Structure formats: structure tokens, C-alpha cells
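*Asks:* What follows is query15.txt; its format and atoms are compact mmCIF, C-alpha atoms (C1' of nucleotides).
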# COMPACT_ATOMS: atom_id res chain seq x y z
CA MET A 30 122.51 84.23 93.51
CA GLY A 31 122.05 83.21 89.91
CA SER A 32 121.20 86.56 88.41
CA SER A 33 122.68 88.11 85.32
CA THR A 34 125.34 90.81 85.24
CA GLY A 35 127.37 90.12 88.31
CA THR A 36 126.93 93.59 89.78
CA GLY A 37 124.74 91.67 92.21
CA THR A 38 122.38 93.14 94.70
CA ALA A 39 124.26 96.40 95.01
CA ALA A 40 122.82 97.57 91.70
CA GLY A 41 119.35 97.96 93.27
CA THR A 42 119.62 99.65 96.64
CA ALA A 43 117.05 98.33 99.07
CA PRO A 44 114.16 100.81 99.41
CA SER A 45 112.46 101.81 102.65
CA THR A 46 109.33 99.94 103.63
CA THR A 47 107.18 102.92 102.68
CA GLU A 48 108.82 103.25 99.27
CA LEU A 49 108.49 99.52 98.67
CA MET A 50 104.80 99.62 99.61
CA GLU A 51 104.29 102.50 97.21
CA GLN A 52 105.87 100.51 94.37
CA VAL A 53 103.78 97.44 95.10
CA ALA A 54 100.68 99.61 95.32
CA ALA A 55 101.40 101.07 91.89
CA VAL A 56 101.75 97.57 90.41
CA GLY A 57 98.57 96.43 92.14
CA ALA A 58 96.58 99.44 90.95
CA ALA A 59 97.76 99.09 87.35
CA TYR A 60 96.97 95.38 87.42
CA PHE A 61 93.48 95.97 88.77
CA HIS A 62 92.83 98.63 86.14
CA ASP A 63 93.76 96.20 83.38
CA PHE A 64 91.64 93.47 84.93
CA ALA A 65 88.56 95.71 85.18
CA ALA A 66 89.00 96.84 81.58
CA ALA A 67 89.27 93.27 80.30
CA ALA A 68 86.22 92.21 82.32
CA ALA A 69 84.22 95.17 80.98
CA ARG A 70 85.01 94.10 77.41
CA HIS A 71 83.23 90.86 78.23
CA GLY A 72 80.21 92.48 79.86
CA LEU A 73 81.23 92.06 83.48
CA ASN A 74 82.26 94.54 86.14
CA SER A 75 85.19 93.72 88.38
CA SER A 76 83.07 92.30 91.20
CA GLN A 77 81.34 89.92 88.84
CA ALA A 78 84.61 88.84 87.24
CA LYS A 79 86.20 88.36 90.64
CA ALA A 80 83.21 86.27 91.68
CA LEU A 81 83.64 84.14 88.58
CA LYS A 82 87.18 83.33 89.67
CA ALA A 83 85.96 82.57 93.19
CA VAL A 84 83.42 79.96 92.06
CA LEU A 85 85.87 77.85 90.05
CA GLU A 86 85.25 75.54 92.95
CA PRO A 87 81.64 75.42 94.24
CA VAL A 88 81.04 77.97 97.02
CA PRO A 89 77.97 78.78 99.16
CA MET A 90 76.56 82.29 98.72
CA ARG A 91 77.66 83.46 102.15
CA ALA A 92 81.18 82.13 101.78
CA LEU A 93 81.36 83.89 98.43
CA ALA A 94 80.56 87.17 100.18
CA GLY A 95 83.53 86.53 102.42
CA ARG A 96 85.83 85.91 99.49
CA LEU A 97 84.66 89.05 97.73
CA GLY A 98 84.96 91.10 100.89
CA CYS A 99 81.46 92.49 100.58
CA ASP A 100 78.11 92.14 102.31
CA ALA A 101 76.07 89.00 101.66
CA SER A 102 73.20 91.07 100.29
CA ASN A 103 75.32 92.11 97.31
CA VAL A 104 76.10 88.56 96.31
CA THR A 105 72.51 87.99 95.27
CA GLY A 106 72.76 90.56 92.51
CA ILE A 107 76.24 89.52 91.44
CA VAL A 108 75.26 85.86 91.08
CA ASP A 109 71.95 86.87 89.46
CA ARG A 110 73.96 88.54 86.74
CA LEU A 111 76.33 85.59 86.26
CA GLU A 112 73.39 83.20 86.17
CA ALA A 113 71.50 85.35 83.65
CA LEU A 114 74.54 85.21 81.38
CA GLY A 115 74.83 81.45 81.86
CA TYR A 116 78.22 81.75 83.53
CA ALA A 117 77.23 80.23 86.89
CA ARG A 118 74.33 78.44 88.52
CA ARG A 119 72.87 78.02 92.00
CA GLU A 120 72.37 74.54 93.40
CA ALA A 121 70.61 73.62 96.62
CA ALA A 122 72.94 72.09 99.18
CA ALA A 123 72.03 68.53 100.13
CA ALA A 124 72.95 68.83 103.80
CA ASP A 125 71.30 72.20 104.57
CA ARG A 126 68.43 73.32 102.41
CA ARG A 127 68.92 76.96 103.36
CA VAL A 128 72.26 77.00 101.60
CA LYS A 129 72.71 77.62 97.88
CA ILE A 130 75.97 76.63 96.30
CA VAL A 131 77.28 78.59 93.33
CA THR A 132 79.10 76.69 90.60
CA ILE A 133 80.75 77.96 87.45
CA THR A 134 79.49 76.62 84.11
CA ASP A 135 81.48 75.69 81.03
CA GLY A 136 80.43 79.01 79.54
CA GLY A 137 81.72 80.78 82.62
CA ARG A 138 85.05 79.01 82.39
CA THR A 139 85.34 80.02 78.75
CA VAL A 140 84.66 83.69 79.50
CA LEU A 141 87.08 83.66 82.40
CA ASP A 142 89.78 82.25 80.17
CA ARG A 143 89.05 84.92 77.60
CA ILE A 144 89.20 87.71 80.17
CA ARG A 145 92.55 86.43 81.39
CA ALA A 146 93.87 86.16 77.86
CA ASP A 147 92.54 89.64 77.13
CA MET A 148 94.63 91.36 79.81
CA GLY A 149 97.14 92.66 77.32
CA ARG A 150 99.24 94.96 79.45
CA ALA A 151 99.38 92.71 82.50
CA ARG A 152 100.26 89.72 80.38
CA ALA A 153 102.98 91.59 78.52
CA ALA A 154 104.36 92.91 81.78
CA PHE A 155 104.68 89.55 83.48
CA ASP A 156 105.71 87.75 80.31
CA SER A 157 108.71 90.09 80.22
CA LEU A 158 110.11 88.33 83.27
CA ASP A 159 112.38 85.35 82.71
CA THR A 160 111.85 82.04 84.49
CA GLU A 161 114.05 82.90 87.40
CA GLN A 162 112.46 86.31 87.93
CA ARG A 163 108.99 84.81 87.85
CA ALA A 164 109.95 82.22 90.42
CA ALA A 165 111.45 84.94 92.59
CA LEU A 166 108.37 87.17 92.36
CA SER A 167 106.13 84.22 93.10
CA ARG A 168 108.16 83.33 96.19
CA LEU A 169 108.11 86.92 97.42
CA CYS A 170 104.33 87.08 97.03
CA ASP A 171 103.97 83.81 98.92
CA GLN A 172 106.05 85.14 101.76
CA VAL A 173 104.31 88.49 101.99
CA LEU A 174 100.72 87.45 101.42
CA PRO A 175 99.98 85.53 104.64
CA LEU A 176 101.16 88.44 106.79
CA LEU A 177 99.20 90.85 104.63
CA GLN A 178 95.96 88.90 104.99
CA ARG A 179 96.00 88.28 108.74
CA PRO A 180 92.63 89.09 110.38
CA MET B 10 121.71 83.33 97.40
CA GLY B 11 120.70 84.58 100.81
CA SER B 12 117.69 82.35 101.40
CA SER B 13 117.30 79.66 103.97
CA THR B 14 117.50 75.97 103.16
CA GLY B 15 119.87 75.88 100.24
CA THR B 16 117.48 74.14 97.88
CA GLY B 17 117.90 77.29 95.80
CA THR B 18 115.75 78.45 92.93
CA ALA B 19 114.49 74.98 92.11
CA ALA B 20 112.41 75.05 95.29
CA GLY B 21 110.04 77.60 93.74
CA THR B 22 109.03 76.38 90.32
CA ALA B 23 108.24 79.23 87.97
CA PRO B 24 104.47 79.76 87.79
CA SER B 25 102.46 80.38 84.64
CA THR B 26 101.74 83.99 83.75
CA THR B 27 98.12 83.58 84.85
CA GLU B 28 99.13 82.09 88.19
CA LEU B 29 101.68 84.81 88.72
CA MET B 30 99.13 87.51 87.93
CA GLU B 31 96.75 85.93 90.42
CA GLN B 32 99.39 86.03 93.14
CA VAL B 33 100.27 89.64 92.44
CA ALA B 34 96.57 90.53 92.37
CA ALA B 35 96.11 88.96 95.81
CA VAL B 36 98.98 91.00 97.21
CA GLY B 37 97.66 94.16 95.60
CA ALA B 38 94.13 93.61 96.90
CA ALA B 39 95.33 92.90 100.44
CA TYR B 40 97.54 95.97 100.36
CA PHE B 41 94.74 98.20 99.14
CA HIS B 42 92.41 96.85 101.83
CA ASP B 43 94.94 97.69 104.52
CA PHE B 44 95.51 101.14 103.04
CA ALA B 45 91.78 101.94 102.95
CA ALA B 46 91.36 100.76 106.53
CA ALA B 47 94.25 102.91 107.77
CA ALA B 48 92.93 105.94 105.89
CA ALA B 49 89.44 105.41 107.34
CA ARG B 50 90.88 105.43 110.85
CA HIS B 51 92.07 108.95 110.10
CA GLY B 52 88.79 110.16 108.64
CA LEU B 53 89.67 109.78 104.95
CA ASN B 54 88.42 107.45 102.26
CA SER B 55 90.91 105.89 99.89
CA SER B 56 90.44 108.51 97.16
CA GLN B 57 91.13 111.32 99.59
CA ALA B 58 94.17 109.55 101.02
CA LYS B 59 95.46 108.80 97.54
CA ALA B 60 94.98 112.46 96.64
CA LEU B 61 96.97 113.46 99.71
CA LYS B 62 99.88 111.40 98.42
CA ALA B 63 99.51 112.94 94.97
CA VAL B 64 99.79 116.52 96.22
CA LEU B 65 103.07 116.05 98.08
CA GLU B 66 104.27 118.14 95.20
CA PRO B 67 101.89 120.96 94.09
CA VAL B 68 99.49 119.82 91.36
CA PRO B 69 96.75 121.62 89.38
CA MET B 70 93.23 120.30 89.92
CA ARG B 71 92.94 118.83 86.45
CA ALA B 72 96.30 117.08 86.62
CA LEU B 73 95.23 115.66 89.97
CA ALA B 74 92.19 114.13 88.29
CA GLY B 75 94.56 112.42 85.87
CA ARG B 76 96.68 111.02 88.67
CA LEU B 77 93.64 109.72 90.52
CA GLY B 78 92.17 108.26 87.35
CA CYS B 79 88.82 109.91 87.87
CA ASP B 80 86.78 112.71 86.31
CA ALA B 81 87.77 116.31 87.07
CA SER B 82 84.38 116.99 88.62
CA ASN B 83 85.15 114.59 91.47
CA VAL B 84 88.35 116.36 92.41
CA THR B 85 86.43 119.38 93.64
CA GLY B 86 84.78 117.36 96.40
CA ILE B 87 87.93 115.45 97.27
CA VAL B 88 90.01 118.62 97.65
CA ASP B 89 87.11 120.35 99.46
CA ARG B 90 87.33 117.64 102.08
CA LEU B 91 91.11 117.84 102.40
CA GLU B 92 90.92 121.61 102.63
CA ALA B 93 88.16 121.51 105.26
CA LEU B 94 90.38 119.25 107.38
CA GLY B 95 93.33 121.56 106.85
CA TYR B 96 95.33 118.91 105.01
CA ALA B 97 95.66 120.77 101.69
CA ARG B 98 94.98 124.19 100.21
CA ARG B 99 94.19 125.68 96.79
CA GLU B 100 96.40 128.42 95.41
CA ALA B 101 95.78 130.46 92.28
CA ALA B 102 98.36 129.85 89.58
CA ALA B 103 100.34 132.94 88.66
CA ALA B 104 100.56 132.21 84.95
CA ASP B 105 96.94 131.25 84.29
CA ARG B 106 94.28 132.52 86.65
CA ARG B 107 91.86 129.76 85.69
CA VAL B 108 94.15 127.18 87.24
CA LYS B 109 94.15 126.27 90.93
CA ILE B 110 97.13 124.45 92.32
CA VAL B 111 96.67 122.07 95.24
CA THR B 112 99.39 121.89 97.86
CA ILE B 113 99.66 119.70 100.93
CA THR B 114 99.94 121.43 104.33
CA ASP B 115 102.09 120.47 107.29
CA GLY B 116 98.97 118.99 108.87
CA GLY B 117 98.39 116.93 105.73
CA ARG B 118 101.95 115.65 105.77
CA THR B 119 101.53 114.65 109.41
CA VAL B 120 98.33 112.72 108.72
CA LEU B 121 99.84 111.03 105.70
CA ASP B 122 102.79 109.88 107.79
CA ARG B 123 100.39 108.57 110.43
CA ILE B 124 98.33 106.68 107.87
CA ARG B 125 101.46 105.08 106.47
CA ALA B 126 102.68 104.16 109.95
CA ASP B 127 99.23 102.82 110.78
CA MET B 128 99.25 100.20 108.01
CA GLY B 129 100.06 97.42 110.41
CA ARG B 130 99.68 94.37 108.21
CA ALA B 131 101.32 95.84 105.13
CA ARG B 132 104.22 97.14 107.17
CA ALA B 133 104.70 93.83 108.95
CA ALA B 134 104.50 91.98 105.66
CA PHE B 135 107.16 94.03 103.87
CA ASP B 136 109.30 94.42 106.97
CA SER B 137 109.57 90.62 106.98
CA LEU B 138 111.71 90.81 103.85
CA ASP B 139 115.46 91.08 104.26
CA THR B 140 117.49 93.71 102.45
CA GLU B 141 118.19 91.51 99.46
CA GLN B 142 114.57 90.48 99.08
CA ARG B 143 113.38 94.07 99.26
CA ALA B 144 115.85 95.12 96.60
CA ALA B 145 114.73 92.21 94.42
CA LEU B 146 111.05 93.03 94.82
CA SER B 147 111.72 96.68 94.11
CA ARG B 148 113.60 95.82 90.94
CA LEU B 149 110.85 93.48 89.76
CA CYS B 150 108.23 96.19 90.32
CA ASP B 151 110.34 98.67 88.37
CA GLN B 152 110.63 96.27 85.48
CA VAL B 153 106.97 95.33 85.38
CA LEU B 154 105.37 98.70 86.06
CA PRO B 155 106.17 100.60 82.84
CA LEU B 156 104.70 97.80 80.71
CA LEU B 157 101.69 97.62 82.99
CA GLN B 158 100.98 101.34 82.71
CA ARG B 159 101.28 101.79 78.94
CA PRO B 160 98.33 103.80 77.50
C1' DT C 14 66.32 80.94 118.73
C1' DA C 15 69.93 81.25 115.07
C1' DT C 16 71.23 81.27 110.27
C1' DT C 17 70.86 81.46 104.92
C1' DG C 18 69.51 83.92 101.25
C1' DT C 19 66.63 87.61 99.63
C1' DT C 20 64.42 92.09 99.35
C1' DA C 21 63.79 97.11 100.22
C1' DT C 22 66.12 101.15 101.17
C1' DA C 23 69.59 104.70 101.85
C1' DC C 24 74.22 106.24 101.24
C1' DT C 25 78.63 106.89 98.85
C1' DC C 26 81.32 107.35 94.84
C1' DT C 27 81.67 108.38 90.16
C1' DA C 28 80.44 110.24 85.58
C1' DT C 29 77.83 113.50 82.38
C1' DA C 30 76.28 117.89 81.24
C1' DA C 31 75.65 122.68 81.96
C1' DC C 32 77.58 126.88 83.87
C1' DT C 33 81.48 130.74 85.09
C1' DA C 34 85.58 132.83 84.52
C1' DT C 35 89.41 133.20 82.34
C1' DA C 36 92.36 132.62 78.17
C1' DT D 6 86.41 129.63 70.53
C1' DA D 7 88.63 126.69 73.96
C1' DT D 8 89.92 125.46 78.66
C1' DA D 9 89.95 125.12 84.23
C1' DG D 10 87.18 124.56 87.79
C1' DT D 11 82.59 124.19 89.69
C1' DT D 12 77.80 122.77 90.19
C1' DA D 13 73.62 119.87 89.48
C1' DT D 14 72.06 115.56 88.46
C1' DA D 15 71.77 110.68 87.53
C1' DG D 16 73.73 106.07 87.71
C1' DA D 17 76.31 102.13 89.71
C1' DG D 18 77.91 99.72 93.81
C1' DT D 19 77.68 98.96 98.50
C1' DA D 20 75.81 98.47 103.24
C1' DT D 21 71.88 98.21 106.72
C1' DA D 22 67.63 96.42 108.17
C1' DA D 23 63.64 93.61 107.71
C1' DC D 24 61.77 89.33 105.86
C1' DA D 25 60.85 84.10 104.60
C1' DA D 26 62.53 79.52 104.86
C1' DT D 27 65.08 76.26 107.25
C1' DA D 28 67.87 74.56 110.99
Represent the structure of the file as C-alpha cells.
*Replies:*
Amino acid sequence: MGSSTGTGTAAGTAPSTTELMEQVAAVGAAYFHDFAAAAARHGLNSSQAKALKAVLEPVPMRALAGRLGCDASNVTGIVDRLEALGYARREAAAADRRVKIVTITDGGRTVLDRIRADMGRARAAFDSLDTEQRAALSRLCDQVLPLLQRP
Amino acid sequence: MGSSTGTGTAAGTAPSTTELMEQVAAVGAAYFHDFAAAAARHGLNSSQAKALKAVLEPVPMRALAGRLGCDASNVTGIVDRLEALGYARREAAAADRRVKIVTITDGGRTVLDRIRADMGRARAAFDSLDTEQRAALSRLCDQVLPLLQRP
DNA sequence: TATTGTTATACTCTATAACTATA
DNA sequence: TATAGTTATAGAGTATAACAATA
């Protein structure tokens, strides 16, 4: 492949599945920690910040619960908070008047951008990868994710 | 490189840092979900299971709190639970009698192995990678992690 | 009757502060 | 006096069950 030194793949011995999972878990945990810290600096907890990402496209309350992986009863409070801050709003669905659709506001988009920009460690970490490494990591995530998310 | 079609690296365009972080976050979240589910099937919550991994080598209570990223007062309950199940035990430190060192038992090692084996989706996902891909992913994690964990 | 969103409630996890026993 | 571990307590986040409005 096109990588640097020429020592090739032999330089990194392939780890066992368990070891590999442990490494990925460490990266995931550190990322999540950084995300929660950045969100907190902008007055949101991680559920609220995650919800803000999920409503970049309009989503009904119940579907939002699914995306957040929590019970529907929690979504009320989460969206209440986002709405109180002016980051999202509820709109009645035209087709079914029971349904409320949550949409992000311009203010919400601004805060989300700021939170993302404010993730210093995560940004530095992934910025350290060159173009080829980023493409490789992206491809690996794409391959692994569907199997990881199966029902 | 070892991949399929021959379109090479150009096939996966390098994503922006934000997009890349989002992908990694999705993998991390799915992994953690699978881990928590597997632990629950063996009567542990994710903190307790994480603690079990952390005491594969003997660790003082306070240091364990650091590894788990929680307050020291929580560790008492977590280790109480592991001890009640026979998965870990407290031993007085020889040098300083205030300190209690937590050690995993054979039973704990067995359960930890079972939990790891029981992570069906995560295992299937990472088993789908060939040797070269696993080595690449491992290397990328190693590069990214230290920057991600900086104080 | 079934479903959406909400409310009321209880439970779990975590953090803060006070206590003990050692140092 | 300072530190390790524990205990007691309060707070945040989540789930369960019951409810009103709509389908």
C-alpha cells in the first residue's frame, strides 16, 4: 500500500480481536469524555448535545428517543431544555396531529458548531492524521459499524 | 494494498475532522452498548465490568477510582459488588496499612473472559477485518490515543 | 383499540461532605 | 496535619406506569 517507511505491515503486528476491541474502546471512551466536557462548557449535558446533533434534520419525538437509545419519556425533558435555550423547537406534524417534530434552530446550529470546534483534544488527535490515514480510518469505521449496530 | 476492487485509496475520500470524529464516535458508542449488554447478561453493570478489567493487575482502591474516572467513594460499592460475587478481593497493603489493594480472582477472570466472548456484535465486527486491516486500525488507535488522553 | 407525547414516580449511578484509622 | 477508605446524603439521569389527545 501507499504508506510511508516501507517496513510495511510487519511493523505493526496484528492484535487479537480482544486487544483490538480494547484499543477501540479506549479511543471511544476518551472521545466521549472530550465531547461531554465540550458540551458542558456550553451548558449542555451529553444527552442534550447528542440530541442536538440528531435533530440537524427534523425528527419526531419518538424517533429521537430511538436515536438517543433512551426511553421516550426522557426526550420530553431533553427537548424542553433545548427549546428553553432556543436551540430547537417543536412543530406539529401536518399528517398526524399526535406527532411533534423537533427541528434545530440557527442558534442550535451555532452552538453545535462551537461545541465541535471546542473539542480540543479530539480535534488535535484526529488532525494529527494525514489524508491517507484519515481515509483509511474512515473506511475501517464504515466497514465495522454496520456489523456493530445490527439489531 | 490488500483491499478488494483495486480502485485504491481514491475510493475513500478523506473526510473532514468533524466527519471523522462522528464516525469514530458512532463506533465507540456501538461498542460500549454491546459491552454493557454483555456485562448485564453476567450480572454486572458497565462500571463493575470495567473495574474487573482494571484489576487484572492488583490496584489500590484510590488508583482504581482514577482508572474508572469516578470519585473514590463510588469504588467502595463497585468493589463490594465484585467481592460479594467472588470476582475480586481486597488485601491490606504491607507498606501502608491504610491502603487496600484490589485483586481479581480466578472466578473474576472467568467471568471477564465470558463477557468478552459474549460480545457478539463487536466480535463479529472486528473479526470481519483481515490481518492487515486489524494492524492498520491498531496503529491508528495507538497514534490517536495519546493525544486524546492528554490532561 | 392502538399510538404519540407527557406526567408522576421510583431506581440507579455519581458526587460531596463527614467520619475512622492510619501515617 | 494529611491521606486511604468508608459512610451518609443529595443530585442528576433513566426507566416504568398511568394519562390525555389523536388516530
*Asks:* Tell me which of B:Glu100, B:Leu156, B:Gly52, B:Ala72 sits closest to A:Met148, counting all atoms listed in the file.
*Replies:*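 Between B:Glu100, B:Leu156, B:Gly52, B:Ala72, the residue approaching A:Met148 most closely is B:Leu156.
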*Asks:* For atom CA of B:Ala102 and atom CA of B:Gly78, determine how far apart the two atoms are, in Å to one decimal place.
*Replies:*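 Rounded to one decimal, the two atoms are 22.6 Å apart.
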*Asks:* Tell me the residues of chain B close to chain C, meaning within 7 Å using all atoms listed in the file, as number ranges by chain.
*Replies:* B: 80, 106-107
*Asks:* Between atom CA of A:Leu166 and atom CA of A:Ala83, what distance in Å does the model show, to one decimal?
*Replies:* 22.9 Å
*Asks:* Give me the RMSD in Å over all C-alpha atoms, paired in order, after least-squares superposition of chain B onto chain A.
*Replies:* 0.8 Å
*Asks:* Could I see stretch 58-84 of chain A restored to N, CA, C and O atoms, set down as a PDB file, in the frame of the given file?
*Replies:*
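Once everything was written out, this is result_20.pdb:
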ATOM      1  N   ALA A  58      97.597  98.573  91.531  1.00  0.00           N
ATOM      2  CA  ALA A  58      96.580  99.440  90.950  1.00  0.00           C
ATOM      3  C   ALA A  58      96.533  99.282  89.433  1.00  0.00           C
ATOM      4  O   ALA A  58      95.460  99.194  88.836  1.00  0.00           O
ATOM      5  N   ALA A  59      97.710  99.237  88.809  1.00  0.00           N
ATOM      6  CA  ALA A  59      97.760  99.090  87.350  1.00  0.00           C
ATOM      7  C   ALA A  59      97.188  97.737  86.938  1.00  0.00           C
ATOM      8  O   ALA A  59      96.474  97.632  85.940  1.00  0.00           O
ATOM      9  N   TYR A  60      97.519  96.702  87.712  1.00  0.00           N
ATOM     10  CA  TYR A  60      96.970  95.380  87.420  1.00  0.00           C
ATOM     11  C   TYR A  60      95.457  95.403  87.489  1.00  0.00           C
ATOM     12  O   TYR A  60      94.767  94.912  86.591  1.00  0.00           O
ATOM     13  N   PHE A  61      94.930  95.977  88.561  1.00  0.00           N
ATOM     14  CA  PHE A  61      93.480  95.970  88.770  1.00  0.00           C
ATOM     15  C   PHE A  61      92.767  96.745  87.662  1.00  0.00           C
ATOM     16  O   PHE A  61      91.693  96.347  87.204  1.00  0.00           O
ATOM     17  N   HIS A  62      93.382  97.840  87.229  1.00  0.00           N
ATOM     18  CA  HIS A  62      92.830  98.630  86.140  1.00  0.00           C
ATOM     19  C   HIS A  62      92.711  97.791  84.876  1.00  0.00           C
ATOM     20  O   HIS A  62      91.683  97.795  84.189  1.00  0.00           O
ATOM     21  N   ASP A  63      93.762  97.053  84.573  1.00  0.00           N
ATOM     22  CA  ASP A  63      93.760  96.200  83.380  1.00  0.00           C
ATOM     23  C   ASP A  63      92.721  95.093  83.494  1.00  0.00           C
ATOM     24  O   ASP A  63      92.033  94.768  82.528  1.00  0.00           O
ATOM     25  N   PHE A  64      92.617  94.538  84.689  1.00  0.00           N
ATOM     26  CA  PHE A  64      91.640  93.470  84.930  1.00  0.00           C
ATOM     27  C   PHE A  64      90.212  93.980  84.722  1.00  0.00           C
ATOM     28  O   PHE A  64      89.410  93.342  84.030  1.00  0.00           O
ATOM     29  N   ALA A  65      89.905  95.145  85.316  1.00  0.00           N
ATOM     30  CA  ALA A  65      88.560  95.710  85.180  1.00  0.00           C
ATOM     31  C   ALA A  65      88.232  96.013  83.721  1.00  0.00           C
ATOM     32  O   ALA A  65      87.110  95.775  83.267  1.00  0.00           O
ATOM     33  N   ALA A  66      89.223  96.518  82.987  1.00  0.00           N
ATOM     34  CA  ALA A  66      89.000  96.840  81.580  1.00  0.00           C
ATOM     35  C   ALA A  66      88.713  95.583  80.769  1.00  0.00           C
ATOM     36  O   ALA A  66      87.801  95.561  79.935  1.00  0.00           O
ATOM     37  N   ALA A  67      89.485  94.532  81.024  1.00  0.00           N
ATOM     38  CA  ALA A  67      89.270  93.270  80.300  1.00  0.00           C
ATOM     39  C   ALA A  67      87.905  92.688  80.634  1.00  0.00           C
ATOM     40  O   ALA A  67      87.185  92.201  79.757  1.00  0.00           O
ATOM     41  N   ALA A  68      87.532  92.723  81.906  1.00  0.00           N
ATOM     42  CA  ALA A  68      86.220  92.210  82.320  1.00  0.00           C
ATOM     43  C   ALA A  68      85.105  92.994  81.638  1.00  0.00           C
ATOM     44  O   ALA A  68      84.136  92.407  81.133  1.00  0.00           O
ATOM     45  N   ALA A  69      85.251  94.319  81.591  1.00  0.00           N
ATOM     46  CA  ALA A  69      84.220  95.170  80.980  1.00  0.00           C
ATOM     47  C   ALA A  69      84.024  94.813  79.511  1.00  0.00           C
ATOM     48  O   ALA A  69      82.898  94.814  79.016  1.00  0.00           O
ATOM     49  N   ARG A  70      85.115  94.490  78.810  1.00  0.00           N
ATOM     50  CA  ARG A  70      85.010  94.100  77.410  1.00  0.00           C
ATOM     51  C   ARG A  70      84.198  92.834  77.221  1.00  0.00           C
ATOM     52  O   ARG A  70      83.727  92.533  76.132  1.00  0.00           O
ATOM     53  N   HIS A  71      84.027  92.087  78.303  1.00  0.00           N
ATOM     54  CA  HIS A  71      83.230  90.860  78.230  1.00  0.00           C
ATOM     55  C   HIS A  71      81.927  90.993  79.016  1.00  0.00           C
ATOM     56  O   HIS A  71      81.325  89.991  79.411  1.00  0.00           O
ATOM     57  N   GLY A  72      81.518  92.226  79.270  1.00  0.00           N
ATOM     58  CA  GLY A  72      80.210  92.480  79.860  1.00  0.00           C
ATOM     59  C   GLY A  72      80.115  92.292  81.356  1.00  0.00           C
ATOM     60  O   GLY A  72      79.015  92.191  81.907  1.00  0.00           O
ATOM     61  N   LEU A  73      81.255  92.238  82.031  1.00  0.00           N
ATOM     62  CA  LEU A  73      81.230  92.060  83.480  1.00  0.00           C
ATOM     63  C   LEU A  73      81.938  93.229  84.162  1.00  0.00           C
ATOM     64  O   LEU A  73      82.885  93.789  83.611  1.00  0.00           O
ATOM     65  N   ASN A  74      81.477  93.590  85.349  1.00  0.00           N
ATOM     66  CA  ASN A  74      82.260  94.540  86.140  1.00  0.00           C
ATOM     67  C   ASN A  74      83.251  93.739  86.993  1.00  0.00           C
ATOM     68  O   ASN A  74      83.236  92.501  86.983  1.00  0.00           O
ATOM     69  N   SER A  75      84.104  94.433  87.712  1.00  0.00           N
ATOM     70  CA  SER A  75      85.190  93.720  88.380  1.00  0.00           C
ATOM     71  C   SER A  75      84.695  92.798  89.487  1.00  0.00           C
ATOM     72  O   SER A  75      85.264  91.724  89.699  1.00  0.00           O
ATOM     73  N   SER A  76      83.621  93.176  90.167  1.00  0.00           N
ATOM     74  CA  SER A  76      83.070  92.300  91.200  1.00  0.00           C
ATOM     75  C   SER A  76      82.577  90.991  90.599  1.00  0.00           C
ATOM     76  O   SER A  76      82.816  89.905  91.145  1.00  0.00           O
ATOM     77  N   GLN A  77      81.875  91.119  89.482  1.00  0.00           N
ATOM     78  CA  GLN A  77      81.340  89.920  88.840  1.00  0.00           C
ATOM     79  C   GLN A  77      82.463  89.017  88.331  1.00  0.00           C
ATOM     80  O   GLN A  77      82.410  87.793  88.480  1.00  0.00           O
ATOM     81  N   ALA A  78      83.485  89.625  87.750  1.00  0.00           N
ATOM     82  CA  ALA A  78      84.610  88.840  87.240  1.00  0.00           C
ATOM     83  C   ALA A  78      85.379  88.185  88.385  1.00  0.00           C
ATOM     84  O   ALA A  78      85.798  87.030  88.290  1.00  0.00           O
ATOM     85  N   LYS A  79      85.521  88.919  89.480  1.00  0.00           N
ATOM     86  CA  LYS A  79      86.200  88.360  90.640  1.00  0.00           C
ATOM     87  C   LYS A  79      85.395  87.187  91.203  1.00  0.00           C
ATOM     88  O   LYS A  79      85.956  86.171  91.620  1.00  0.00           O
ATOM     89  N   ALA A  80      84.072  87.345  91.206  1.00  0.00           N
ATOM     90  CA  ALA A  80      83.210  86.270  91.680  1.00  0.00           C
ATOM     91  C   ALA A  80      83.364  85.026  90.800  1.00  0.00           C
ATOM     92  O   ALA A  80      83.375  83.898  91.297  1.00  0.00           O
ATOM     93  N   LEU A  81      83.492  85.262  89.509  1.00  0.00           N
ATOM     94  CA  LEU A  81      83.640  84.140  88.580  1.00  0.00           C
ATOM     95  C   LEU A  81      84.898  83.331  88.916  1.00  0.00           C
ATOM     96  O   LEU A  81      84.895  82.094  88.866  1.00  0.00           O
ATOM     97  N   LYS A  82      85.963  84.029  89.266  1.00  0.00           N
ATOM     98  CA  LYS A  82      87.180  83.330  89.670  1.00  0.00           C
ATOM     99  C   LYS A  82      86.943  82.558  90.977  1.00  0.00           C
ATOM    100  O   LYS A  82      87.449  81.450  91.146  1.00  0.00           O
ATOM    101  N   ALA A  83      86.154  83.167  91.863  1.00  0.00           N
ATOM    102  CA  ALA A  83      85.960  82.570  93.190  1.00  0.00           C
ATOM    103  C   ALA A  83      85.121  81.298  93.155  1.00  0.00           C
ATOM    104  O   ALA A  83      85.212  80.469  94.056  1.00  0.00           O
ATOM    105  N   VAL A  84      84.294  81.127  92.109  1.00  0.00           N
ATOM    106  CA  VAL A  84      83.420  79.960  92.060  1.00  0.00           C
ATOM    107  C   VAL A  84      83.962  78.884  91.114  1.00  0.00           C
ATOM    108  O   VAL A  84      83.208  78.007  90.674  1.00  0.00           O
TER     109      VAL A  84
END
